[in-house]
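Peer 1: My structure is in start.cif, and what it holds is mmCIF, C-alpha atoms:
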```cif
data_run
loop_
_atom_site.label_atom_id
_atom_site.label_comp_id
_atom_site.auth_asym_id
_atom_site.auth_seq_id
_atom_site.Cartn_x
_atom_site.Cartn_y
_atom_site.Cartn_z
CA MET A 1 81.96 -46.75 46.78
CA HIS A 2 80.91 -46.16 50.38
CA ILE A 3 82.92 -44.72 53.25
CA LEU A 4 82.80 -47.96 55.28
CA ASP A 5 83.43 -50.43 52.48
CA ASP A 6 85.67 -53.30 53.73
CA ILE A 7 84.64 -52.68 57.39
CA LEU A 8 83.21 -55.80 59.08
CA ILE A 9 80.86 -55.41 62.05
CA VAL A 10 79.73 -58.26 64.30
CA ASP A 11 76.41 -57.21 65.83
CA LEU A 12 75.26 -59.04 68.98
CA THR A 13 72.46 -56.60 69.84
CA GLN A 14 68.69 -56.81 70.05
CA ALA A 15 65.71 -54.46 70.24
CA LEU A 16 66.61 -50.98 69.01
CA ALA A 17 69.65 -48.99 70.18
CA GLY A 18 72.28 -51.44 68.92
CA PRO A 19 70.44 -52.47 65.76
CA TYR A 20 69.84 -48.79 64.94
CA CYS A 21 73.58 -48.10 65.29
CA THR A 22 74.62 -50.99 63.05
CA MET A 23 71.93 -50.14 60.49
CA LEU A 24 73.41 -46.65 60.17
CA LEU A 25 76.89 -48.12 59.74
CA GLY A 26 75.53 -50.62 57.21
CA ASP A 27 74.00 -47.72 55.28
CA MET A 28 77.54 -46.34 55.03
CA GLY A 29 78.75 -49.55 53.42
CA ALA A 30 79.89 -51.70 56.34
CA GLU A 31 79.29 -55.45 56.21
CA VAL A 32 77.12 -56.21 59.25
CA ILE A 33 76.69 -59.77 60.52
CA LYS A 34 73.80 -59.84 62.97
CA VAL A 35 74.20 -62.70 65.46
CA GLU A 36 70.96 -63.93 67.02
CA PRO A 37 70.05 -66.70 69.47
CA PRO A 38 68.75 -69.85 67.76
CA GLY A 39 65.01 -70.38 67.69
CA THR A 40 63.86 -66.97 68.89
CA GLY A 41 66.22 -64.52 67.25
CA ASP A 42 66.13 -60.82 68.08
CA GLN A 43 63.28 -60.21 70.53
CA SER A 44 61.91 -57.43 68.32
CA ARG A 45 61.04 -59.97 65.61
CA GLY A 46 57.91 -60.62 67.68
CA TRP A 47 56.98 -57.00 68.43
CA GLY A 48 53.76 -56.45 66.54
CA PRO A 49 51.37 -56.17 64.88
CA PRO A 50 51.86 -55.12 62.19
CA PHE A 51 53.74 -57.97 60.54
CA VAL A 52 54.79 -58.34 56.90
CA ALA A 53 55.32 -61.87 55.62
CA GLY A 54 55.68 -63.01 59.22
CA GLU A 55 58.25 -60.35 60.16
CA SER A 56 57.57 -57.50 62.58
CA THR A 57 57.73 -54.10 60.89
CA TYR A 58 59.47 -52.91 64.06
CA PHE A 59 62.30 -55.38 63.42
CA LEU A 60 62.42 -54.61 59.70
CA SER A 61 62.68 -50.86 60.31
CA VAL A 62 66.11 -51.10 61.99
CA ASN A 63 67.74 -54.18 60.45
CA ARG A 64 68.24 -53.46 56.76
CA ASN A 65 71.62 -54.06 55.11
CA LYS A 66 72.54 -56.93 57.45
CA LYS A 67 73.39 -60.60 57.22
CA SER A 68 71.96 -62.95 59.84
CA LEU A 69 73.66 -65.75 61.77
CA ALA A 70 72.18 -67.87 64.58
CA LEU A 71 74.70 -68.89 67.25
CA ASN A 72 74.34 -70.58 70.62
CA LEU A 73 77.03 -68.76 72.57
CA LYS A 74 76.55 -71.04 75.56
CA SER A 75 78.07 -73.88 73.53
CA ASP A 76 81.75 -74.37 72.79
CA ALA A 77 81.05 -74.52 69.04
CA GLY A 78 79.08 -71.27 69.12
CA ARG A 79 81.78 -69.41 71.05
CA ASP A 80 84.44 -70.76 68.70
CA ILE A 81 82.59 -69.43 65.64
CA MET A 82 82.10 -66.06 67.34
CA HIS A 83 85.80 -65.82 68.18
CA ARG A 84 86.79 -66.67 64.62
CA LEU A 85 84.47 -63.93 63.37
CA VAL A 86 85.91 -61.41 65.81
CA THR A 87 89.51 -62.11 64.80
CA ARG A 88 88.77 -60.62 61.36
CA ALA A 89 86.17 -58.03 62.45
CA ASP A 90 86.70 -54.29 62.77
CA VAL A 91 83.83 -53.64 65.17
CA PHE A 92 82.02 -55.76 67.75
CA ILE A 93 78.87 -54.43 69.41
CA HIS A 94 76.68 -55.93 72.15
CA ASN A 95 73.99 -54.87 74.63
CA MET A 96 74.51 -57.37 77.46
CA PRO A 97 74.45 -55.46 80.78
CA ARG A 98 75.92 -58.17 83.01
CA GLN A 99 79.67 -58.74 83.02
CA SER A 100 79.06 -62.33 84.12
CA SER A 101 76.96 -62.99 81.00
CA GLN A 102 79.65 -61.46 78.79
CA ARG A 103 82.34 -63.69 80.30
CA GLU A 104 80.10 -66.78 80.19
CA THR A 105 79.51 -66.34 76.47
CA GLY A 106 83.11 -65.33 75.75
CA VAL A 107 82.35 -61.83 74.48
CA ASP A 108 83.80 -59.70 77.28
CA ALA A 109 86.19 -56.94 76.25
CA GLU A 110 89.30 -58.59 77.69
CA THR A 111 88.73 -61.83 75.75
CA LEU A 112 87.91 -60.24 72.42
CA LEU A 113 90.63 -57.58 72.50
CA ALA A 114 93.16 -60.29 73.29
CA LEU A 115 92.04 -62.05 70.10
CA ASN A 116 92.02 -58.83 68.05
CA PRO A 117 93.88 -55.81 69.53
CA GLY A 118 92.61 -53.58 66.72
CA LEU A 119 88.96 -54.28 67.52
CA ILE A 120 86.50 -51.47 68.22
CA TYR A 121 84.49 -52.97 71.11
CA VAL A 122 81.13 -51.28 71.70
CA SER A 123 78.92 -51.85 74.76
CA ILE A 124 75.38 -50.41 74.86
CA THR A 125 73.55 -50.75 78.17
CA GLY A 126 71.00 -48.90 80.25
CA TYR A 127 73.43 -47.32 82.72
CA GLY A 128 76.95 -47.97 81.45
CA ALA A 129 79.63 -50.44 82.54
CA THR A 130 80.44 -48.81 85.90
CA GLY A 131 78.52 -47.31 88.81
CA PRO A 132 75.83 -48.57 91.19
CA TYR A 133 73.28 -49.27 88.43
CA ALA A 134 75.78 -50.81 86.00
CA GLU A 135 74.18 -54.24 85.67
CA ARG A 136 70.55 -53.19 85.80
CA PRO A 137 68.54 -53.79 82.63
CA GLY A 138 67.61 -50.54 80.91
CA TYR A 139 64.84 -49.65 78.51
CA ASP A 140 63.93 -46.59 76.47
CA LEU A 141 60.96 -45.67 78.67
CA ILE A 142 63.08 -45.83 81.84
CA ALA A 143 65.76 -43.61 80.31
CA GLN A 144 63.16 -41.09 79.16
CA GLY A 145 61.79 -40.93 82.69
CA GLU A 146 65.03 -40.92 84.69
CA SER A 147 66.71 -38.38 82.41
CA GLY A 148 63.91 -35.89 83.15
CA LEU A 149 62.61 -35.72 79.59
CA MET A 150 59.12 -36.98 80.50
CA SER A 151 58.77 -34.37 83.26
CA ILE A 152 58.95 -31.56 80.70
CA THR A 153 56.97 -33.21 77.88
CA GLY A 154 53.24 -32.53 77.60
CA GLU A 155 50.81 -29.80 78.64
CA PRO A 156 51.54 -27.74 81.79
CA ASP A 157 48.69 -29.31 83.78
CA GLY A 158 49.10 -32.81 82.36
CA GLU A 159 50.94 -35.96 83.34
CA PRO A 160 54.54 -36.71 82.31
CA MET A 161 54.55 -37.92 78.71
CA ARG A 162 56.67 -40.51 76.93
CA TYR A 163 58.05 -39.30 73.62
CA PRO A 164 56.14 -41.27 70.94
CA ILE A 165 59.25 -42.79 69.37
CA PRO A 166 62.01 -44.67 71.29
CA LEU A 167 64.12 -41.54 71.51
CA ALA A 168 66.61 -42.79 74.11
CA ASP A 169 67.34 -45.92 72.08
CA MET A 170 67.74 -44.01 68.82
CA THR A 171 69.91 -41.32 70.42
CA THR A 172 72.22 -43.95 71.89
CA GLY A 173 72.40 -45.67 68.51
CA ILE A 174 73.41 -42.42 66.82
CA TYR A 175 76.06 -41.65 69.46
CA ALA A 176 77.38 -45.20 69.18
CA ALA A 177 77.70 -44.91 65.39
CA LEU A 178 79.47 -41.56 65.81
CA GLY A 179 81.83 -43.12 68.37
CA VAL A 180 82.61 -46.02 66.03
CA LEU A 181 83.52 -43.63 63.22
CA GLY A 182 85.84 -41.71 65.54
CA ALA A 183 87.43 -44.92 66.84
CA LEU A 184 88.02 -46.20 63.31
CA LEU A 185 89.72 -42.91 62.43
CA ALA A 186 91.86 -43.12 65.58
CA ARG A 187 92.82 -46.70 64.70
CA GLN A 188 94.12 -45.54 61.32
CA ARG A 189 96.54 -43.29 63.19
CA THR A 190 97.47 -45.54 66.11
CA GLY A 191 96.72 -49.10 65.02
CA SER A 192 94.94 -49.74 68.32
CA GLY A 193 91.35 -50.63 69.04
CA GLN A 194 89.14 -49.06 71.68
CA VAL A 195 86.34 -49.87 74.11
CA LEU A 196 83.25 -47.64 73.77
CA ASP A 197 80.81 -47.56 76.69
CA LEU A 198 77.37 -46.17 75.75
CA SER A 199 74.37 -45.87 78.07
CA LEU A 200 70.73 -45.03 77.40
CA LEU A 201 70.51 -42.76 80.44
CA GLU A 202 73.56 -40.65 79.60
CA SER A 203 72.64 -40.42 75.92
CA GLN A 204 69.10 -39.31 76.72
CA SER A 205 70.26 -36.82 79.36
CA ALA A 206 72.38 -35.12 76.70
CA TRP A 207 69.17 -33.92 75.02
CA LEU A 208 68.59 -31.60 77.98
CA SER A 209 71.57 -29.44 77.01
CA ILE A 210 69.79 -26.05 76.73
CA LEU A 211 67.44 -26.69 79.65
CA ALA A 212 70.24 -28.13 81.78
CA GLY A 213 72.33 -25.06 80.99
CA ALA A 214 69.58 -22.78 82.28
CA TYR A 215 69.31 -24.77 85.51
CA LEU A 216 73.00 -25.36 86.19
CA ASN A 217 74.07 -21.79 85.36
CA ALA A 218 71.05 -19.71 86.39
CA GLY A 219 69.20 -21.96 88.82
CA GLU A 220 66.07 -21.98 86.66
CA PRO A 221 64.44 -25.45 86.63
CA PRO A 222 62.77 -26.56 83.37
CA GLN A 223 58.99 -26.68 83.28
CA ARG A 224 56.35 -28.49 81.26
CA LEU A 225 55.22 -25.87 78.71
CA GLY A 226 53.33 -27.80 76.04
CA ASN A 227 54.02 -26.08 72.72
CA LEU A 228 55.43 -22.91 74.26
CA HIS A 229 59.13 -22.06 74.00
CA PRO A 230 60.96 -21.28 77.26
CA ASN A 231 63.09 -18.49 75.75
CA ILE A 232 61.62 -17.19 72.49
CA VAL A 233 58.25 -15.44 71.93
CA PRO A 234 56.37 -15.94 69.67
CA TYR A 235 57.57 -19.48 69.00
CA GLN A 236 54.78 -22.01 69.34
CA VAL A 237 52.02 -23.79 67.42
CA PHE A 238 49.39 -21.53 65.85
CA ARG A 239 46.25 -22.51 63.98
#
```
Spell out the structure here as structure tokens.
Peer 2:
Amino acid sequence: MHILDDILIVDLTQALAGPYCTMLLGDMGAEVIKVEPPGTGDQSRGWGPPFVAGESTYFLSVNRNKKSLALNLKSDAGRDIMHRLVTRADVFIHNMPRQSSQRETGVDAETLLALNPGLIYVSITGYGATGPYAERPGYDLIAQGESGLMSITGEPDGEPMRYPIPLADMTTGIYAALGVLGALLARQRTGSGQVLDLSLLESQSAWLSILAGAYLNAGEPPQRLGNLHPNIVPYQVFR
């Protein structure tokens, strides 16, 4: 018995943030149907080496506990199958930044919530669904840089450093999974679905909580300190 037994998730995401979210929900027992474009599939299937039996280990690391379905959403038949899936789904998740692409493929929030008012509709993009950057593509590295994380990572006299794992993607995936759990709980009480709008930039910026607090409240800008701690001494790496 798992907490999300009997929950059906339709996953139209690629790369990492969305797949990481749905993997976490699948680990909790949800049935996840991963929908991929025919022929190529999820772009991360080709991110390697290393490969195992022809599959990228990158792809394998965030796609366990899922079923796979190839659909051409630019065709009437593909959209019809997607809509039939959504009518019985609990959660739908995508990472398409352009509203025009969502409408063209029939997966925009208005269309899907009309089919299933109890649906939890999750959008993961670089900058969110509104604002001047709304339809720009977003990637982990960009979010790490624009959030300020790279400016404080590394040695004091060094260059800005990318965190060695896709931290912005994984953070957004975790927040998305947390939002889905909250929305499912709210639906039990109200019967209504919700639209969740997640962005890489906002999710990554949230990591700056302590440093942002020092700047916003005391005017002290964060600095690149290597392994030193900005507040506690001694608290660093020692041989």
Peer 1: Go ahead and find all residues with at least one atom no further than 10 Å from (87.3, -54.2, 51.4) in the file's coordinates, using all atoms listed in the file; report them as a ChimeraX atom specification.
Peer 2: /A:4-8,29-31
Peer 1: Which polymer residues have any atom within 9 Å of an atom of A:Ser44, counting only C-alpha atoms, with same-chain residues fewer than 5 positions away left out, as an mmCIF file with C-alpha atoms, in the coordinates of the input?
Peer 2:
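Wrote it out as selection-v4.cif, contents follow:
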```cif
data_model
loop_
_atom_site.group_PDB
_atom_site.id
_atom_site.type_symbol
_atom_site.label_atom_id
_atom_site.label_comp_id
_atom_site.auth_asym_id
_atom_site.auth_seq_id
_atom_site.Cartn_x
_atom_site.Cartn_y
_atom_site.Cartn_z
ATOM 1 C CA GLN A 14 68.690 -56.810 70.050
ATOM 2 C CA ALA A 15 65.710 -54.460 70.240
ATOM 3 C CA LEU A 16 66.610 -50.980 69.010
ATOM 4 C CA SER A 56 57.570 -57.500 62.580
ATOM 5 C CA TYR A 58 59.470 -52.910 64.060
ATOM 6 C CA PHE A 59 62.300 -55.380 63.420
#
```
Peer 1: Please write the residues picked by the PyMOL selection byres ((chain A and resi 168) around 6) on this file as a PDB file with C-alpha atoms, in the frame of the given file.
Peer 2:
```
ATOM      1  CA  ASP A 140      63.930 -46.590  76.470  1.00  0.00           C
ATOM      2  CA  PRO A 166      62.010 -44.670  71.290  1.00  0.00           C
ATOM      3  CA  LEU A 167      64.120 -41.540  71.510  1.00  0.00           C
ATOM      4  CA  ASP A 169      67.340 -45.920  72.080  1.00  0.00           C
ATOM      5  CA  MET A 170      67.740 -44.010  68.820  1.00  0.00           C
ATOM      6  CA  THR A 171      69.910 -41.320  70.420  1.00  0.00           C
ATOM      7  CA  LEU A 200      70.730 -45.030  77.400  1.00  0.00           C
ATOM      8  CA  GLN A 204      69.100 -39.310  76.720  1.00  0.00           C
TER       9      GLN A 204
END
```
Peer 1: For this structure, which residues satisfy the selection - the PyMOL selection byres ((chain A and resi 147) around 12) - when it is evaluated on the file as given? I want them as a ChimeraX atom specification.
Peer 2: /A:126-127,140-146,148-153,162,167-168,199-209,212
Peer 1: Store the residues picked out above in a file with C-alpha atoms, as a CSV table (one decimal), keeping the file's coordinate frame.
Peer 2:
```csv
chain,number,residue,atom,x,y,z
A,126,GLY,CA,71.0,-48.9,80.2
A,127,TYR,CA,73.4,-47.3,82.7
A,140,ASP,CA,63.9,-46.6,76.5
A,141,LEU,CA,61.0,-45.7,78.7
A,142,ILE,CA,63.1,-45.8,81.8
A,143,ALA,CA,65.8,-43.6,80.3
A,144,GLN,CA,63.2,-41.1,79.2
A,145,GLY,CA,61.8,-40.9,82.7
A,146,GLU,CA,65.0,-40.9,84.7
A,148,GLY,CA,63.9,-35.9,83.2
A,149,LEU,CA,62.6,-35.7,79.6
A,150,MET,CA,59.1,-37.0,80.5
A,151,SER,CA,58.8,-34.4,83.3
A,152,ILE,CA,59.0,-31.6,80.7
A,153,THR,CA,57.0,-33.2,77.9
A,162,ARG,CA,56.7,-40.5,76.9
A,167,LEU,CA,64.1,-41.5,71.5
A,168,ALA,CA,66.6,-42.8,74.1
A,199,SER,CA,74.4,-45.9,78.1
A,200,LEU,CA,70.7,-45.0,77.4
A,201,LEU,CA,70.5,-42.8,80.4
A,202,GLU,CA,73.6,-40.6,79.6
A,203,SER,CA,72.6,-40.4,75.9
A,204,GLN,CA,69.1,-39.3,76.7
A,205,SER,CA,70.3,-36.8,79.4
A,206,ALA,CA,72.4,-35.1,76.7
A,207,TRP,CA,69.2,-33.9,75.0
A,208,LEU,CA,68.6,-31.6,78.0
A,209,SER,CA,71.6,-29.4,77.0
A,212,ALA,CA,70.2,-28.1,81.8
```
Peer 1: Given the file shown, enumerate the residues that the PyMOL selection byres ((chain A and resi 191) around 12) captures and present them as a VMD selection string.
Peer 2: chain A and resid 90 116 to 120 183 to 190 192 to 194
